[in-house]
>>> print(open('entry_20.csv').read())   # CSV, C-alpha atoms
chain,number,residue,atom,x,y,z
A,1,MET,CA,0.0,0.0,0.0
A,2,PRO,CA,1.4,3.5,-0.8
A,3,ALA,CA,2.3,5.8,2.0
A,4,LEU,CA,-0.5,8.2,3.1
A,5,SER,CA,0.7,11.6,4.1
A,6,ILE,CA,-0.6,13.2,7.3
A,7,THR,CA,-0.7,17.0,7.5
A,8,SER,CA,-2.7,17.6,10.7
A,9,PRO,CA,-2.5,16.2,14.2
A,10,ASP,CA,-6.3,16.2,14.2
A,11,ASP,CA,-6.5,13.7,11.3
A,12,PRO,CA,-9.0,11.0,12.5
A,13,ARG,CA,-7.0,8.3,10.7
A,14,ILE,CA,-4.2,8.5,13.3
A,15,ALA,CA,-6.4,8.6,16.4
A,16,ASP,CA,-4.6,5.4,17.7
A,17,TYR,CA,-1.4,7.5,18.1
A,18,ARG,CA,-2.5,10.6,19.9
A,19,ALA,CA,-1.0,11.6,23.3
A,20,LEU,CA,1.0,8.4,23.8
A,21,THR,CA,2.6,9.8,27.0
A,22,ASP,CA,-0.7,10.3,28.8
A,23,VAL,CA,-1.0,7.0,30.7
A,24,GLU,CA,-4.5,7.6,32.0
A,25,LEU,CA,-5.8,8.5,28.5
A,26,ARG,CA,-4.1,5.6,26.9
A,27,THR,CA,-5.4,3.2,29.5
A,28,LYS,CA,-8.9,4.3,28.8
A,29,TRP,CA,-8.3,4.1,25.0
A,30,GLU,CA,-6.2,1.1,24.2
A,31,PRO,CA,-7.6,-2.0,26.0
A,32,PRO,CA,-11.3,-1.0,25.4
A,33,ASN,CA,-10.6,-0.5,21.7
A,34,GLY,CA,-8.6,-3.7,21.5
A,35,LEU,CA,-5.3,-2.2,20.4
A,36,PHE,CA,-1.7,-1.6,21.6
A,37,ILE,CA,1.2,0.5,20.3
A,38,ALA,CA,4.6,-0.9,19.4
A,39,GLU,CA,7.7,1.4,18.9
A,40,GLY,CA,10.7,0.6,16.8
A,41,GLU,CA,11.4,-1.8,14.0
A,42,LEU,CA,12.7,-4.7,16.2
A,43,VAL,CA,9.7,-4.6,18.5
A,44,ILE,CA,7.3,-4.3,15.6
A,45,GLU,CA,8.9,-7.3,13.8
A,46,ARG,CA,8.6,-9.4,17.0
A,47,ALA,CA,4.9,-8.5,17.3
A,48,LEU,CA,4.3,-9.5,13.7
A,49,ARG,CA,6.3,-12.8,14.2
A,50,ALA,CA,4.2,-13.5,17.3
A,51,GLY,CA,1.1,-13.3,15.1
A,52,TYR,CA,-0.4,-10.0,16.2
A,53,ARG,CA,-2.4,-8.3,13.4
A,54,LEU,CA,-1.3,-4.9,12.3
A,55,ARG,CA,-3.9,-2.1,12.3
A,56,SER,CA,-1.6,0.7,10.9
A,57,ALA,CA,1.8,2.2,11.0
A,58,LEU,CA,2.9,5.8,11.5
A,59,VAL,CA,6.5,6.7,10.4
A,60,ASP,CA,8.8,9.6,9.9
A,61,GLU,CA,8.3,10.6,6.2
A,62,LYS,CA,12.0,10.2,5.5
A,63,ARG,CA,11.9,6.5,6.5
A,64,ALA,CA,8.8,5.5,4.6
A,65,GLY,CA,10.8,3.9,1.7
A,66,GLN,CA,13.0,1.9,4.1
A,67,LEU,CA,10.3,-0.3,5.5
A,68,THR,CA,9.8,-3.6,3.8
A,69,ALA,CA,8.6,-5.9,6.5
A,70,LEU,CA,5.1,-4.4,7.1
A,71,PRO,CA,2.1,-6.2,5.7
A,72,ALA,CA,0.5,-4.6,2.7
A,73,ASP,CA,-3.0,-4.7,3.9
A,74,ALA,CA,-2.6,-2.1,6.7
A,75,PRO,CA,-2.3,1.6,6.0
A,76,LEU,CA,1.1,3.3,6.3
A,77,TYR,CA,0.9,6.9,7.4
A,78,THR,CA,3.8,9.3,7.2
A,79,ALA,CA,4.5,12.7,8.8
A,80,PRO,CA,7.5,15.0,9.4
A,81,PRO,CA,9.2,14.7,12.8
A,82,ALA,CA,7.6,17.9,14.2
A,83,LEU,CA,4.2,16.7,13.4
A,84,LEU,CA,4.9,13.2,14.8
A,85,GLU,CA,5.9,14.9,18.1
A,86,SER,CA,2.7,17.0,18.0
A,87,ILE,CA,0.6,13.9,17.5
A,88,THR,CA,2.3,11.6,20.0
A,89,GLY,CA,3.6,14.0,22.7
A,90,PHE,CA,7.2,12.9,22.4
A,91,HIS,CA,10.1,12.9,19.9
A,92,VAL,CA,9.7,9.6,18.0
A,93,HIS,CA,13.5,9.0,17.7
A,94,ARG,CA,13.0,5.4,16.5
A,95,GLY,CA,11.1,6.8,13.6
A,96,ILE,CA,8.3,4.3,13.5
A,97,LEU,CA,5.2,3.4,15.5
A,98,ALA,CA,2.6,0.7,14.8
A,99,SER,CA,-0.8,0.0,16.1
A,100,PHE,CA,-1.8,-3.7,16.6
A,101,HIS,CA,-4.9,-5.6,17.4
A,102,ARG,CA,-4.9,-7.3,20.8
A,103,ARG,CA,-5.7,-11.0,21.1
A,104,PRO,CA,-7.8,-12.7,23.7
A,105,LEU,CA,-5.8,-13.6,26.8
A,106,THR,CA,-5.0,-17.3,27.6
A,107,PRO,CA,-7.6,-18.6,30.1
A,108,LEU,CA,-5.9,-19.1,33.5
A,109,ASP,CA,-6.6,-22.8,33.8
A,110,GLU,CA,-5.1,-23.4,30.3
A,111,LEU,CA,-2.1,-21.3,31.1
A,112,LEU,CA,-1.4,-23.2,34.4
A,113,SER,CA,-1.8,-26.6,32.8
A,114,ALA,CA,0.8,-25.8,30.1
A,115,ALA,CA,3.4,-24.2,32.4
A,116,LYS,CA,6.1,-25.6,34.7
A,117,ARG,CA,7.5,-22.4,36.1
A,118,ILE,CA,5.5,-19.2,36.5
A,119,ALA,CA,5.7,-15.7,38.0
A,120,VAL,CA,2.7,-14.3,39.8
A,121,LEU,CA,2.7,-10.5,40.1
A,122,GLU,CA,0.7,-8.5,42.6
A,123,GLY,CA,0.1,-4.8,42.2
A,124,LEU,CA,3.1,-4.3,39.8
A,125,ASN,CA,2.1,-1.0,38.3
A,126,THR,CA,5.3,0.5,36.9
A,127,HIS,CA,5.5,-0.2,33.2
A,128,THR,CA,9.3,-0.1,33.0
A,129,ASN,CA,9.6,-2.8,35.8
A,130,LEU,CA,6.9,-4.9,34.2
A,131,GLY,CA,8.6,-4.8,30.8
A,132,ALA,CA,12.0,-5.6,32.3
A,133,LEU,CA,10.5,-8.5,34.2
A,134,PHE,CA,8.9,-10.0,31.1
A,135,ARG,CA,12.2,-9.7,29.3
A,136,SER,CA,14.0,-11.6,32.1
A,137,ALA,CA,11.2,-14.2,32.2
A,138,ALA,CA,11.6,-14.9,28.5
A,139,ALA,CA,15.4,-15.1,28.8
A,140,LEU,CA,15.7,-17.2,31.9
A,141,GLY,CA,13.1,-19.9,31.6
A,142,ILE,CA,9.8,-18.7,33.1
A,143,ASP,CA,6.9,-20.2,31.1
A,144,ALA,CA,4.0,-17.8,31.9
A,145,VAL,CA,3.0,-14.9,34.1
A,146,VAL,CA,-0.2,-14.4,36.2
A,147,LEU,CA,-1.2,-10.8,36.9
A,148,SER,CA,-3.3,-9.5,39.8
A,149,PRO,CA,-6.2,-7.2,38.7
A,150,ASN,CA,-4.3,-4.1,39.7
A,151,CYS,CA,-1.1,-4.8,37.7
A,152,ALA,CA,-0.1,-2.5,34.8
A,153,ASP,CA,-0.8,-3.5,31.2
A,154,PRO,CA,2.0,-5.5,29.7
A,155,LEU,CA,1.1,-4.2,26.2
A,156,TYR,CA,1.4,-0.5,27.2
A,157,ARG,CA,3.9,1.0,24.9
A,158,ARG,CA,6.6,1.6,27.5
A,159,ALA,CA,6.4,-1.9,28.9
A,160,VAL,CA,6.6,-3.4,25.4
A,161,ARG,CA,9.6,-1.2,24.6
A,162,VAL,CA,11.5,-2.0,27.7
A,163,SER,CA,10.8,-5.7,27.2
A,164,MET,CA,12.2,-5.4,23.6
A,165,GLY,CA,9.1,-7.2,22.5
A,166,GLU,CA,9.5,-10.1,24.8
A,167,VAL,CA,6.0,-9.5,26.2
A,168,PHE,CA,4.9,-11.2,23.0
A,169,ALA,CA,6.9,-14.4,23.9
A,170,ILE,CA,5.5,-15.1,27.3
A,171,PRO,CA,1.8,-16.0,27.7
A,172,TYR,CA,0.0,-14.3,30.6
A,173,ALA,CA,-3.4,-14.2,32.3
A,174,LYS,CA,-5.1,-11.6,34.3
A,175,ALA,CA,-6.6,-12.8,37.6
A,176,GLU,CA,-10.2,-11.8,38.1
A,177,ASP,CA,-10.6,-12.9,41.8
A,178,TRP,CA,-7.7,-11.9,44.0
A,179,PRO,CA,-6.2,-13.4,46.1
A,180,ALA,CA,-8.4,-16.4,45.5
A,181,THR,CA,-6.5,-17.0,42.3
A,182,LEU,CA,-3.5,-18.1,44.4
A,183,ALA,CA,-5.5,-21.1,45.6
A,184,ALA,CA,-6.1,-22.0,42.0
A,185,VAL,CA,-2.4,-21.8,41.3
A,186,ARG,CA,-1.7,-24.2,44.2
A,187,GLU,CA,-4.4,-26.6,43.1
A,188,ALA,CA,-2.7,-26.7,39.7
A,189,GLY,CA,0.3,-28.2,41.4
A,190,PHE,CA,2.5,-25.2,41.9
A,191,THR,CA,4.4,-24.3,45.1
A,192,LEU,CA,3.8,-20.6,45.9
A,193,LEU,CA,7.1,-18.9,46.7
A,194,ALA,CA,6.7,-15.4,48.1
A,195,MET,CA,9.6,-13.0,47.7
A,196,THR,CA,10.0,-10.9,50.8
A,197,PRO,CA,12.8,-9.5,53.0
A,198,ALA,CA,11.0,-10.9,56.1
A,199,ASP,CA,13.3,-12.4,58.8
A,200,ASP,CA,11.7,-15.8,58.5
A,201,ALA,CA,12.3,-16.0,54.7
A,202,VAL,CA,14.4,-18.9,53.4
A,203,ALA,CA,17.4,-18.0,51.3
A,204,LEU,CA,16.6,-18.6,47.6
A,205,GLN,CA,19.5,-21.0,47.1
A,206,GLU,CA,18.4,-23.2,50.0
A,207,LEU,CA,15.1,-24.2,48.4
A,208,THR,CA,14.6,-27.9,48.2
A,209,PRO,CA,14.1,-29.9,44.9
A,210,ALA,CA,10.4,-30.2,45.8
A,211,HIS,CA,10.1,-26.4,46.0
A,212,ARG,CA,11.7,-26.1,42.6
A,213,GLU,CA,9.7,-28.7,40.8
A,214,ARG,CA,6.8,-26.4,39.8
A,215,PRO,CA,7.5,-23.0,41.4
A,216,ALA,CA,5.2,-20.0,41.3
A,217,LEU,CA,7.2,-17.0,42.3
A,218,LEU,CA,5.1,-14.3,43.9
A,219,LEU,CA,6.4,-10.8,43.5
A,220,GLY,CA,4.9,-7.5,44.8
A,221,ALA,CA,5.1,-3.9,43.8
A,222,GLU,CA,8.1,-1.6,44.6
A,223,GLY,CA,7.9,-0.3,48.1
A,224,PRO,CA,4.9,-2.1,49.7
A,225,GLY,CA,5.8,-5.6,48.4
A,226,LEU,CA,3.3,-8.4,48.7
A,227,THR,CA,0.1,-7.9,50.7
A,228,ARG,CA,-0.5,-9.8,53.9
A,229,GLN,CA,-3.1,-11.9,52.1
A,230,ALA,CA,-0.7,-12.9,49.4
A,231,LEU,CA,2.0,-13.8,52.0
A,232,ALA,CA,-0.5,-15.8,54.0
A,233,ALA,CA,-1.5,-17.8,50.9
A,234,SER,CA,2.1,-18.7,50.1
A,235,ASP,CA,3.8,-22.0,50.8
A,236,VAL,CA,7.3,-20.6,51.5
A,237,ARG,CA,8.7,-17.1,52.0
A,238,VAL,CA,11.9,-16.7,50.1
A,239,ALA,CA,14.6,-14.0,50.0
A,240,ILE,CA,17.8,-13.1,48.2
A,241,PRO,CA,20.6,-12.8,50.8
A,242,MET,CA,21.8,-9.2,51.0
A,243,ARG,CA,25.1,-7.6,52.1
A,244,ASN,CA,26.2,-4.2,53.3
A,245,GLY,CA,22.9,-3.3,55.0
A,246,VAL,CA,20.9,-3.3,51.7
A,247,ASP,CA,17.4,-4.6,52.5
A,248,SER,CA,15.9,-5.0,49.0
A,249,LEU,CA,16.4,-4.8,45.3
A,250,ASN,CA,14.4,-3.3,42.4
A,251,VAL,CA,11.6,-5.8,41.7
A,252,ALA,CA,12.7,-6.4,38.1
A,253,THR,CA,16.3,-7.1,39.3
A,254,ALA,CA,15.1,-9.3,42.1
A,255,ALA,CA,12.9,-11.2,39.7
A,256,ALA,CA,15.8,-11.8,37.3
A,257,ILE,CA,18.0,-13.3,40.0
A,258,ALA,CA,15.2,-15.5,41.3
A,259,PHE,CA,14.3,-16.7,37.8
A,260,TRP,CA,17.9,-17.7,37.1
A,261,GLU,CA,18.1,-19.6,40.4
A,262,LEU,CA,14.8,-21.4,40.0
A,263,CYS,CA,15.5,-22.4,36.4
A,264,ARG,CA,19.1,-23.3,36.4
>>> encode(input="entry_20.csv", output="structure tokens")
Amino acid sequence: MPALSITSPDDPRIADYRALTDVELRTKWEPPNGLFIAEGELVIERALRAGYRLRSALVDEKRAGQLTALPADAPLYTAPPALLESITGFHVHRGILASFHRRPLTPLDELLSAAKRIAVLEGLNTHTNLGALFRSAAALGIDAVVLSPNCADPLYRRAVRVSMGEVFAIPYAKAEDWPATLAAVREAGFTLLAMTPADDAVALQELTPAHRERPALLLGAEGPGLTRQALAASDVRVAIPMRNGVDSLNVATAAAIAFWELCR
């Protein structure tokens, strides 16, 4: 399809791309309309390879002729850099954005039956942490992710970008009943391992083979950590041993260390 030139930020054809830095607005627009935004050629290619269907693409007009991997049945819109910034709210230094159709999420019971090692996230609402965590999960052997109802959207643009598109590689389910979902995870044969700096936590490297057989690693938000209800529902409290008086790590960093230890 030939490139279609955009000359006004109010053009209704590029509504998918407006105010991309406004988290509240995008949260109200993207999931209800069944779309998400990917940024950069690598991330867009990974979305396409994962089977997500392209709605449209918006690119710097100087780069339009360089793009060969986009499907021909979705419109390609072009605009100069200043207009792209006016539309999106930021300088699009990667030069290309794409809007994709979302897919139905994997049902929780189906996800649990197919996985051996999972991460269960409670209240993780920082998109950069969520994206980094998905990237580590994909790299280090986690099969799936379960999200509490108040977790951030893994397909929000910043989470997708930080994950380098690895959010497309890991199936995930959104829990509807929390913390009752944790009982369903245990009933599926998983051992619930709650990450916490509590004094009674077991050092991660001291977990037994039984604990490691089908682990479900529980991780909470930065600052508050896991709720009392989630901790009470867990089978074992676990911690990464710290030195020099440091009491905790960034949740994405802690997750990566725990993933490596559980999957090695």
>>> closest_atom_pairs(input="entry_20.csv", of="region 87-181 of chain A", to="region 215-226 of chain A", cutoff="6 Å", atoms="only C-alpha atoms", output="CSV")
residue,atom,partner,partner_atom,distance
A:Arg117,CA,A:Pro215,CA,5.3
A:Ile118,CA,A:Ala216,CA,4.9
A:Ala119,CA,A:Leu217,CA,4.7
A:Val120,CA,A:Leu218,CA,4.8
A:Leu121,CA,A:Leu219,CA,5.0
A:Glu122,CA,A:Gly220,CA,4.8
A:Gly123,CA,A:Ala221,CA,5.3
A:Leu124,CA,A:Ala221,CA,4.5
>>> closest_atom_pairs(input="entry_20.csv", of="region 85-160 of chain A", to="region 13-23 of chain A", cutoff="9 Å", atoms="only C-alpha atoms", output="CSV")
residue,atom,partner,partner_atom,distance
A:Ser86,CA,A:Ala19,CA,8.4
A:Ile87,CA,A:Arg18,CA,5.1
A:Thr88,CA,A:Ala19,CA,4.7
A:Gly89,CA,A:Ala19,CA,5.2
A:Phe90,CA,A:Thr21,CA,7.2
A:Leu97,CA,A:Tyr17,CA,8.2
A:Ala98,CA,A:Tyr17,CA,8.6
A:Ser99,CA,A:Asp16,CA,6.8
A:Tyr156,CA,A:Val23,CA,8.6
A:Arg157,CA,A:Leu20,CA,8.0
>>> residues_around(input="entry_20.csv", residues="region 173-185 of chain A", least_positions_apart="5", cutoff="7 Å", atoms="all atoms listed in the file", output="tab-separated table (two decimals) with C-alpha atoms, in the coordinates of the input")
chain	number	residue	atom	x	y	z
A	105	LEU	CA	-5.80	-13.60	26.80
A	106	THR	CA	-5.00	-17.30	27.60
A	107	PRO	CA	-7.60	-18.60	30.10
A	108	LEU	CA	-5.90	-19.10	33.50
A	145	VAL	CA	3.00	-14.90	34.10
A	146	VAL	CA	-0.20	-14.40	36.20
A	147	LEU	CA	-1.20	-10.80	36.90
A	148	SER	CA	-3.30	-9.50	39.80
A	149	PRO	CA	-6.20	-7.20	38.70
A	190	PHE	CA	2.50	-25.20	41.90
A	229	GLN	CA	-3.10	-11.90	52.10
A	230	ALA	CA	-0.70	-12.90	49.40
A	233	ALA	CA	-1.50	-17.80	50.90
>>> closest_residue(input="entry_20.csv", among="A:Glu85, A:Glu30, A:Asp143, A:Asp247", to="Leu112 (chain A)", atoms="only C-alpha atoms")
A:Asp143
>>> atom_distance(input="entry_20.csv", atom1="CA of Ser234 (chain A)", atom2="CA of Ala203 (chain A)")
15.4 Å
>>> atom_distance(input="entry_20.csv", atom1="CA of Lys116 (chain A)", atom2="CA of Arg103 (chain A)")
23.2 Å
>>> residues_around(input="entry_20.csv", residues="Glu39 (chain A)", least_positions_apart="4", cutoff="12 Å", atoms="all atoms listed in the file", output="ChimeraX atom specification")
/A:17,20,43-47,57-59,88,91-100,155-165
>>> closest_atom_pairs(input="entry_20.csv", of="region 167-210 of chain A", to="region 258-264 of chain A", cutoff="10 Å", atoms="all atoms listed in the file", output="CSV")
residue,atom,partner,partner_atom,distance
A:Met195,CA,A:Ala258,CA,8.9
A:Leu204,CA,A:Ala258,CA,7.2
A:Gln205,CA,A:Glu261,CA,7.0
A:Leu207,CA,A:Leu262,CA,8.9
A:Pro209,CA,A:Leu262,CA,9.8
>>> atom_distance(input="entry_20.csv", atom1="CA of Ala50 (chain A)", atom2="CA of Pro12 (chain A)")
28.2 Å
